[in-house]
Each structure stands twice: as C-alpha cells, then as structure tokens.
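The structure under discussion appears below in the form of structure tokens.
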Amino acid sequence: DERKLAVFDIMTEGKYLSNFMFKKTAELLGLPTVKEIYNGPFILDKIKELIKGNSKMVPEQKIIEGAVIKSLLEESSYIGRKVLKLINDEYLLKKNNSDFH
C-alpha cells in the first residue's frame, strides 16, 4: 500500500517549464521524475512499442501503464497545451485498471 511520487511536469508562476528546465529544476529540488523512455520525433508506432511489457519504474508491475508525451519546448495550440498521455491497451484491458488510480 506504499505510494511514491514521480513528477513529469513543473509549473511555476502559471507556466510549465520546458523539458530542459523541468529536468534541471527537479534535480535541483531533489524531486524524483518519471523515467524518460524516448527522446526524439513523434512516431506513434515506436512509442506504442515502448509502452509494452513491464513497468519501467516498477518492474514488478507486470504491465506498463503508458507514457506521457511532451514537446521539448513548451507549446500550446488553439485547444490548449500540447501534452498527452498514451495509455497501454493491455493496461486498460486488465481488470480494475484505469487512468484514475
């Protein structure tokens, strides 16, 4: 029943930090961050392959939940901030799993 924190974003003064500043700030503050599993152009099939198998942060968790996808530079569009969470299909199909745990 133990819970741990791992951050994937930091907002300061109403704005999210760029990926570079996020990493530096988290390191400076001693905040644990989610594991970066890919850094490169958005290729959906590649990302889907990376979110198969065991969790990258908790190997005893038999199915990885998914991945947060962000731009290197903080960006927004007409619908808001450009960030998404791709949830592994296998994770969603497993009984009692959801994005709300």
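FYI, nothing fancy with the structure tokens labels: chains A, B, ... in order, residues from 1 per chain, ligands from 1 as they appear.
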
For this session: Excluding Asn88 in chain A and any residue of its chain fewer than 4 positions from it, enumerate the residues within 7 Å of it, using only C-alpha atoms, and give them as a list in words.
Result: Ile51, Lys52, Ile64, Glu65, Gly66 and Leu92 of chain A

For this session: Based on DSSP run over this structure's backbone, return all residues of chain A in strand (DSSP E or B), as a PyMOL selection string.
Result: chain A and resi 7+11-12+15-16+33+66-70+76-77+80-81+83-87

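With distances restricted to only C-alpha atoms, A:Ile69 is the closest residue to Leu44 in chain A from A:Met11, A:Leu29, A:Met57, A:Ile69.
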
Can you pull out every residue from chain A that DSSP, working from the backbone, puts in helix (DSSP H, G or I), and format the result as a PDB file with all heavy atoms, in the first residue's frame?
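Now in out-v5.pdb:
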```
ATOM      1  N   ASN A  19      11.155  21.200 -21.155  1.00  0.00           N
ATOM      2  CA  ASN A  19      11.671  19.889 -20.750  1.00  0.00           C
ATOM      3  C   ASN A  19      13.046  20.030 -20.081  1.00  0.00           C
ATOM      4  O   ASN A  19      13.306  19.434 -19.036  1.00  0.00           O
ATOM      5  CB  ASN A  19      11.736  18.955 -21.957  1.00  0.00           C
ATOM      6  CG  ASN A  19      11.831  17.510 -21.551  1.00  0.00           C
ATOM      7  OD1 ASN A  19      11.120  17.051 -20.671  1.00  0.00           O
ATOM      8  ND2 ASN A  19      12.725  16.783 -22.187  1.00  0.00           N
ATOM      9  N   PHE A  20      13.919  20.825 -20.668  1.00  0.00           N
ATOM     10  CA  PHE A  20      15.258  21.037 -20.110  1.00  0.00           C
ATOM     11  C   PHE A  20      15.181  21.658 -18.718  1.00  0.00           C
ATOM     12  O   PHE A  20      15.817  21.178 -17.777  1.00  0.00           O
ATOM     13  CB  PHE A  20      16.081  21.925 -21.051  1.00  0.00           C
ATOM     14  CG  PHE A  20      17.419  22.305 -20.491  1.00  0.00           C
ATOM     15  CD1 PHE A  20      18.476  21.409 -20.527  1.00  0.00           C
ATOM     16  CD2 PHE A  20      17.616  23.550 -19.907  1.00  0.00           C
ATOM     17  CE1 PHE A  20      19.715  21.749 -19.998  1.00  0.00           C
ATOM     18  CE2 PHE A  20      18.847  23.901 -19.378  1.00  0.00           C
ATOM     19  CZ  PHE A  20      19.902  23.002 -19.421  1.00  0.00           C
ATOM     20  N   MET A  21      14.392  22.735 -18.591  1.00  0.00           N
ATOM     21  CA  MET A  21      14.280  23.410 -17.287  1.00  0.00           C
ATOM     22  C   MET A  21      13.575  22.530 -16.257  1.00  0.00           C
ATOM     23  O   MET A  21      13.907  22.568 -15.074  1.00  0.00           O
ATOM     24  CB  MET A  21      13.551  24.749 -17.437  1.00  0.00           C
ATOM     25  CG  MET A  21      14.395  25.808 -18.139  1.00  0.00           C
ATOM     26  SD  MET A  21      16.009  26.081 -17.336  1.00  0.00           S
ATOM     27  CE  MET A  21      15.516  26.681 -15.732  1.00  0.00           C
ATOM     28  N   PHE A  22      12.606  21.734 -16.705  1.00  0.00           N
ATOM     29  CA  PHE A  22      11.944  20.788 -15.805  1.00  0.00           C
ATOM     30  C   PHE A  22      12.973  19.844 -15.191  1.00  0.00           C
ATOM     31  O   PHE A  22      13.017  19.650 -13.975  1.00  0.00           O
ATOM     32  CB  PHE A  22      10.865  19.997 -16.552  1.00  0.00           C
ATOM     33  CG  PHE A  22      10.537  18.684 -15.910  1.00  0.00           C
ATOM     34  CD1 PHE A  22       9.853  18.630 -14.710  1.00  0.00           C
ATOM     35  CD2 PHE A  22      10.949  17.494 -16.479  1.00  0.00           C
ATOM     36  CE1 PHE A  22       9.566  17.422 -14.094  1.00  0.00           C
ATOM     37  CE2 PHE A  22      10.667  16.283 -15.879  1.00  0.00           C
ATOM     38  CZ  PHE A  22       9.974  16.239 -14.678  1.00  0.00           C
ATOM     39  N   LYS A  23      13.815  19.235 -16.048  1.00  0.00           N
ATOM     40  CA  LYS A  23      14.814  18.278 -15.554  1.00  0.00           C
ATOM     41  C   LYS A  23      15.785  18.939 -14.582  1.00  0.00           C
ATOM     42  O   LYS A  23      16.102  18.378 -13.532  1.00  0.00           O
ATOM     43  CB  LYS A  23      15.580  17.662 -16.725  1.00  0.00           C
ATOM     44  CG  LYS A  23      14.754  16.713 -17.556  1.00  0.00           C
ATOM     45  CD  LYS A  23      15.572  16.202 -18.724  1.00  0.00           C
ATOM     46  CE  LYS A  23      14.754  15.321 -19.644  1.00  0.00           C
ATOM     47  NZ  LYS A  23      15.536  14.880 -20.809  1.00  0.00           N
ATOM     48  N   LYS A  24      16.267  20.124 -14.923  1.00  0.00           N
ATOM     49  CA  LYS A  24      17.214  20.834 -14.061  1.00  0.00           C
ATOM     50  C   LYS A  24      16.568  21.231 -12.733  1.00  0.00           C
ATOM     51  O   LYS A  24      17.178  21.084 -11.671  1.00  0.00           O
ATOM     52  CB  LYS A  24      17.766  22.079 -14.769  1.00  0.00           C
ATOM     53  CG  LYS A  24      18.670  21.766 -15.924  1.00  0.00           C
ATOM     54  CD  LYS A  24      19.913  21.057 -15.430  1.00  0.00           C
ATOM     55  CE  LYS A  24      20.859  20.724 -16.555  1.00  0.00           C
ATOM     56  NZ  LYS A  24      21.945  19.851 -16.142  1.00  0.00           N
ATOM     57  N   THR A  25      15.334  21.720 -12.786  1.00  0.00           N
ATOM     58  CA  THR A  25      14.638  22.141 -11.571  1.00  0.00           C
ATOM     59  C   THR A  25      14.346  20.946 -10.664  1.00  0.00           C
ATOM     60  O   THR A  25      14.560  21.009  -9.450  1.00  0.00           O
ATOM     61  CB  THR A  25      13.340  22.888 -11.928  1.00  0.00           C
ATOM     62  OG1 THR A  25      13.669  23.999 -12.767  1.00  0.00           O
ATOM     63  CG2 THR A  25      12.622  23.373 -10.683  1.00  0.00           C
ATOM     64  N   ALA A  26      13.873  19.852 -11.250  1.00  0.00           N
ATOM     65  CA  ALA A  26      13.598  18.648 -10.453  1.00  0.00           C
ATOM     66  C   ALA A  26      14.870  18.154  -9.780  1.00  0.00           C
ATOM     67  O   ALA A  26      14.855  17.788  -8.594  1.00  0.00           O
ATOM     68  CB  ALA A  26      12.991  17.567 -11.340  1.00  0.00           C
ATOM     69  N   GLU A  27      15.965  18.158 -10.522  1.00  0.00           N
ATOM     70  CA  GLU A  27      17.248  17.722  -9.957  1.00  0.00           C
ATOM     71  C   GLU A  27      17.660  18.640  -8.811  1.00  0.00           C
ATOM     72  O   GLU A  27      18.052  18.174  -7.741  1.00  0.00           O
ATOM     73  CB  GLU A  27      18.315  17.730 -11.054  1.00  0.00           C
ATOM     74  CG  GLU A  27      19.671  17.258 -10.602  1.00  0.00           C
ATOM     75  CD  GLU A  27      20.706  17.305 -11.718  1.00  0.00           C
ATOM     76  OE1 GLU A  27      20.343  17.272 -12.910  1.00  0.00           O
ATOM     77  OE2 GLU A  27      21.894  17.388 -11.379  1.00  0.00           O
ATOM     78  N   LEU A  28      17.558  19.950  -9.020  1.00  0.00           N
ATOM     79  CA  LEU A  28      17.922  20.930  -8.007  1.00  0.00           C
ATOM     80  C   LEU A  28      17.080  20.773  -6.743  1.00  0.00           C
ATOM     81  O   LEU A  28      17.585  20.874  -5.627  1.00  0.00           O
ATOM     82  CB  LEU A  28      17.763  22.348  -8.569  1.00  0.00           C
ATOM     83  CG  LEU A  28      18.136  23.496  -7.651  1.00  0.00           C
ATOM     84  CD1 LEU A  28      19.654  23.515  -7.424  1.00  0.00           C
ATOM     85  CD2 LEU A  28      17.688  24.812  -8.242  1.00  0.00           C
ATOM     86  N   LEU A  29      15.777  20.478  -6.920  1.00  0.00           N
ATOM     87  CA  LEU A  29      14.876  20.324  -5.778  1.00  0.00           C
ATOM     88  C   LEU A  29      14.870  18.912  -5.189  1.00  0.00           C
ATOM     89  O   LEU A  29      14.209  18.663  -4.190  1.00  0.00           O
ATOM     90  CB  LEU A  29      13.448  20.705  -6.196  1.00  0.00           C
ATOM     91  CG  LEU A  29      13.243  22.166  -6.608  1.00  0.00           C
ATOM     92  CD1 LEU A  29      11.831  22.374  -7.140  1.00  0.00           C
ATOM     93  CD2 LEU A  29      13.530  23.102  -5.433  1.00  0.00           C
ATOM     94  N   LEU A  44       4.287   7.376 -33.589  1.00  0.00           N
ATOM     95  CA  LEU A  44       3.311   6.669 -32.768  1.00  0.00           C
ATOM     96  C   LEU A  44       3.634   5.188 -32.620  1.00  0.00           C
ATOM     97  O   LEU A  44       3.594   4.651 -31.512  1.00  0.00           O
ATOM     98  CB  LEU A  44       1.903   6.855 -33.332  1.00  0.00           C
ATOM     99  CG  LEU A  44       0.765   6.231 -32.522  1.00  0.00           C
ATOM    100  CD1 LEU A  44       0.743   6.752 -31.089  1.00  0.00           C
ATOM    101  CD2 LEU A  44      -0.561   6.475 -33.208  1.00  0.00           C
ATOM    102  N   ASP A  45       3.963   4.503 -33.707  1.00  0.00           N
ATOM    103  CA  ASP A  45       4.258   3.067 -33.617  1.00  0.00           C
ATOM    104  C   ASP A  45       5.451   2.785 -32.713  1.00  0.00           C
ATOM    105  O   ASP A  45       5.454   1.805 -31.969  1.00  0.00           O
ATOM    106  CB  ASP A  45       4.493   2.476 -35.012  1.00  0.00           C
ATOM    107  CG  ASP A  45       3.207   2.392 -35.829  1.00  0.00           C
ATOM    108  OD1 ASP A  45       2.113   2.393 -35.221  1.00  0.00           O
ATOM    109  OD2 ASP A  45       3.293   2.325 -37.068  1.00  0.00           O
ATOM    110  N   LYS A  46       6.472   3.641 -32.761  1.00  0.00           N
ATOM    111  CA  LYS A  46       7.642   3.460 -31.894  1.00  0.00           C
ATOM    112  C   LYS A  46       7.243   3.609 -30.423  1.00  0.00           C
ATOM    113  O   LYS A  46       7.642   2.812 -29.582  1.00  0.00           O
ATOM    114  CB  LYS A  46       8.726   4.473 -32.259  1.00  0.00           C
ATOM    115  CG  LYS A  46       9.974   4.353 -31.416  1.00  0.00           C
ATOM    116  CD  LYS A  46      11.041   5.291 -31.910  1.00  0.00           C
ATOM    117  CE  LYS A  46      12.353   5.058 -31.216  1.00  0.00           C
ATOM    118  NZ  LYS A  46      13.066   3.884 -31.615  1.00  0.00           N
ATOM    119  N   ILE A  47       6.425   4.627 -30.131  1.00  0.00           N
ATOM    120  CA  ILE A  47       6.008   4.866 -28.750  1.00  0.00           C
ATOM    121  C   ILE A  47       5.126   3.723 -28.253  1.00  0.00           C
ATOM    122  O   ILE A  47       5.261   3.265 -27.119  1.00  0.00           O
ATOM    123  CB  ILE A  47       5.314   6.227 -28.625  1.00  0.00           C
ATOM    124  CG1 ILE A  47       6.316   7.339 -28.983  1.00  0.00           C
ATOM    125  CG2 ILE A  47       4.761   6.446 -27.221  1.00  0.00           C
ATOM    126  CD1 ILE A  47       5.716   8.691 -29.205  1.00  0.00           C
ATOM    127  N   LYS A  48       4.232   3.212 -29.115  1.00  0.00           N
ATOM    128  CA  LYS A  48       3.386   2.075 -28.728  1.00  0.00           C
ATOM    129  C   LYS A  48       4.237   0.853 -28.376  1.00  0.00           C
ATOM    130  O   LYS A  48       3.904   0.107 -27.457  1.00  0.00           O
ATOM    131  CB  LYS A  48       2.403   1.737 -29.839  1.00  0.00           C
ATOM    132  CG  LYS A  48       1.232   2.683 -29.905  1.00  0.00           C
ATOM    133  CD  LYS A  48       0.244   2.236 -30.971  1.00  0.00           C
ATOM    134  CE  LYS A  48      -0.992   3.092 -30.977  1.00  0.00           C
ATOM    135  NZ  LYS A  48      -1.972   2.634 -31.955  1.00  0.00           N
ATOM    136  N   GLU A  49       5.331   0.642 -29.099  1.00  0.00           N
ATOM    137  CA  GLU A  49       6.227  -0.480 -28.791  1.00  0.00           C
ATOM    138  C   GLU A  49       6.908  -0.282 -27.437  1.00  0.00           C
ATOM    139  O   GLU A  49       7.111  -1.236 -26.703  1.00  0.00           O
ATOM    140  CB  GLU A  49       7.291  -0.643 -29.883  1.00  0.00           C
ATOM    141  CG  GLU A  49       6.825  -1.409 -31.086  1.00  0.00           C
ATOM    142  CD  GLU A  49       6.358  -2.827 -30.759  1.00  0.00           C
ATOM    143  OE1 GLU A  49       7.083  -3.569 -30.059  1.00  0.00           O
ATOM    144  OE2 GLU A  49       5.254  -3.185 -31.197  1.00  0.00           O
ATOM    145  N   LEU A  50       7.264   0.957 -27.122  1.00  0.00           N
ATOM    146  CA  LEU A  50       7.964   1.256 -25.875  1.00  0.00           C
ATOM    147  C   LEU A  50       7.086   1.104 -24.643  1.00  0.00           C
ATOM    148  O   LEU A  50       7.595   0.975 -23.531  1.00  0.00           O
ATOM    149  CB  LEU A  50       8.550   2.673 -25.925  1.00  0.00           C
ATOM    150  CG  LEU A  50       9.704   2.861 -26.909  1.00  0.00           C
ATOM    151  CD1 LEU A  50      10.027   4.342 -27.062  1.00  0.00           C
ATOM    152  CD2 LEU A  50      10.928   2.088 -26.460  1.00  0.00           C
ATOM    153  N   ASP A  89      -2.894  -0.296 -24.188  1.00  0.00           N
ATOM    154  CA  ASP A  89      -4.149  -1.041 -24.336  1.00  0.00           C
ATOM    155  C   ASP A  89      -4.235  -2.211 -23.371  1.00  0.00           C
ATOM    156  O   ASP A  89      -5.282  -2.472 -22.782  1.00  0.00           O
ATOM    157  CB  ASP A  89      -4.297  -1.561 -25.774  1.00  0.00           C
ATOM    158  CG  ASP A  89      -4.496  -0.447 -26.780  1.00  0.00           C
ATOM    159  OD1 ASP A  89      -4.952   0.640 -26.388  1.00  0.00           O
ATOM    160  OD2 ASP A  89      -4.186  -0.668 -27.963  1.00  0.00           O
ATOM    161  N   GLU A  90      -3.133  -2.942 -23.191  1.00  0.00           N
ATOM    162  CA  GLU A  90      -3.123  -4.098 -22.280  1.00  0.00           C
ATOM    163  C   GLU A  90      -3.436  -3.662 -20.852  1.00  0.00           C
ATOM    164  O   GLU A  90      -4.103  -4.371 -20.111  1.00  0.00           O
ATOM    165  CB  GLU A  90      -1.771  -4.804 -22.328  1.00  0.00           C
ATOM    166  CG  GLU A  90      -1.473  -5.459 -23.657  1.00  0.00           C
ATOM    167  CD  GLU A  90      -0.063  -6.025 -23.710  1.00  0.00           C
ATOM    168  OE1 GLU A  90       0.618  -6.089 -22.664  1.00  0.00           O
ATOM    169  OE2 GLU A  90       0.364  -6.391 -24.816  1.00  0.00           O
ATOM    170  N   TYR A  91      -2.941  -2.499 -20.468  1.00  0.00           N
ATOM    171  CA  TYR A  91      -3.194  -1.980 -19.126  1.00  0.00           C
ATOM    172  C   TYR A  91      -4.677  -1.690 -18.937  1.00  0.00           C
ATOM    173  O   TYR A  91      -5.269  -2.032 -17.916  1.00  0.00           O
ATOM    174  CB  TYR A  91      -2.366  -0.715 -18.897  1.00  0.00           C
ATOM    175  CG  TYR A  91      -2.568  -0.102 -17.535  1.00  0.00           C
ATOM    176  CD1 TYR A  91      -1.830  -0.535 -16.443  1.00  0.00           C
ATOM    177  CD2 TYR A  91      -3.493   0.909 -17.327  1.00  0.00           C
ATOM    178  CE1 TYR A  91      -2.007   0.017 -15.186  1.00  0.00           C
ATOM    179  CE2 TYR A  91      -3.680   1.470 -16.075  1.00  0.00           C
ATOM    180  CZ  TYR A  91      -2.936   1.017 -15.013  1.00  0.00           C
ATOM    181  OH  TYR A  91      -3.120   1.561 -13.771  1.00  0.00           O
ATOM    182  N   LEU A  92      -5.294  -1.069 -19.931  1.00  0.00           N
ATOM    183  CA  LEU A  92      -6.717  -0.737 -19.831  1.00  0.00           C
ATOM    184  C   LEU A  92      -7.603  -1.977 -19.833  1.00  0.00           C
ATOM    185  O   LEU A  92      -8.673  -1.982 -19.230  1.00  0.00           O
ATOM    186  CB  LEU A  92      -7.132   0.185 -20.976  1.00  0.00           C
ATOM    187  CG  LEU A  92      -6.663   1.633 -20.857  1.00  0.00           C
ATOM    188  CD1 LEU A  92      -7.043   2.418 -22.099  1.00  0.00           C
ATOM    189  CD2 LEU A  92      -7.230   2.302 -19.619  1.00  0.00           C
ATOM    190  N   LEU A  93      -7.162  -3.032 -20.523  1.00  0.00           N
ATOM    191  CA  LEU A  93      -7.955  -4.254 -20.600  1.00  0.00           C
ATOM    192  C   LEU A  93      -7.881  -5.087 -19.319  1.00  0.00           C
ATOM    193  O   LEU A  93      -8.744  -5.911 -19.060  1.00  0.00           O
ATOM    194  CB  LEU A  93      -7.531  -5.102 -21.793  1.00  0.00           C
ATOM    195  CG  LEU A  93      -7.869  -4.492 -23.158  1.00  0.00           C
ATOM    196  CD1 LEU A  93      -7.211  -5.302 -24.272  1.00  0.00           C
ATOM    197  CD2 LEU A  93      -9.369  -4.413 -23.361  1.00  0.00           C
TER     198      LEU A  93
END
```

Problem set entry | Point-to-point distance in Å for CA of Gly53 in chain A and CA of Leu73 in chain A | 29.0 Å

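The interatomic distance for the pair CA of Lys56 in chain A and CA of Thr33 in chain A works out to 12.2 Å.
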
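Going from CA of Ile87 in chain A over to CA of Ala67 in chain A, you cover 6.5 Å.
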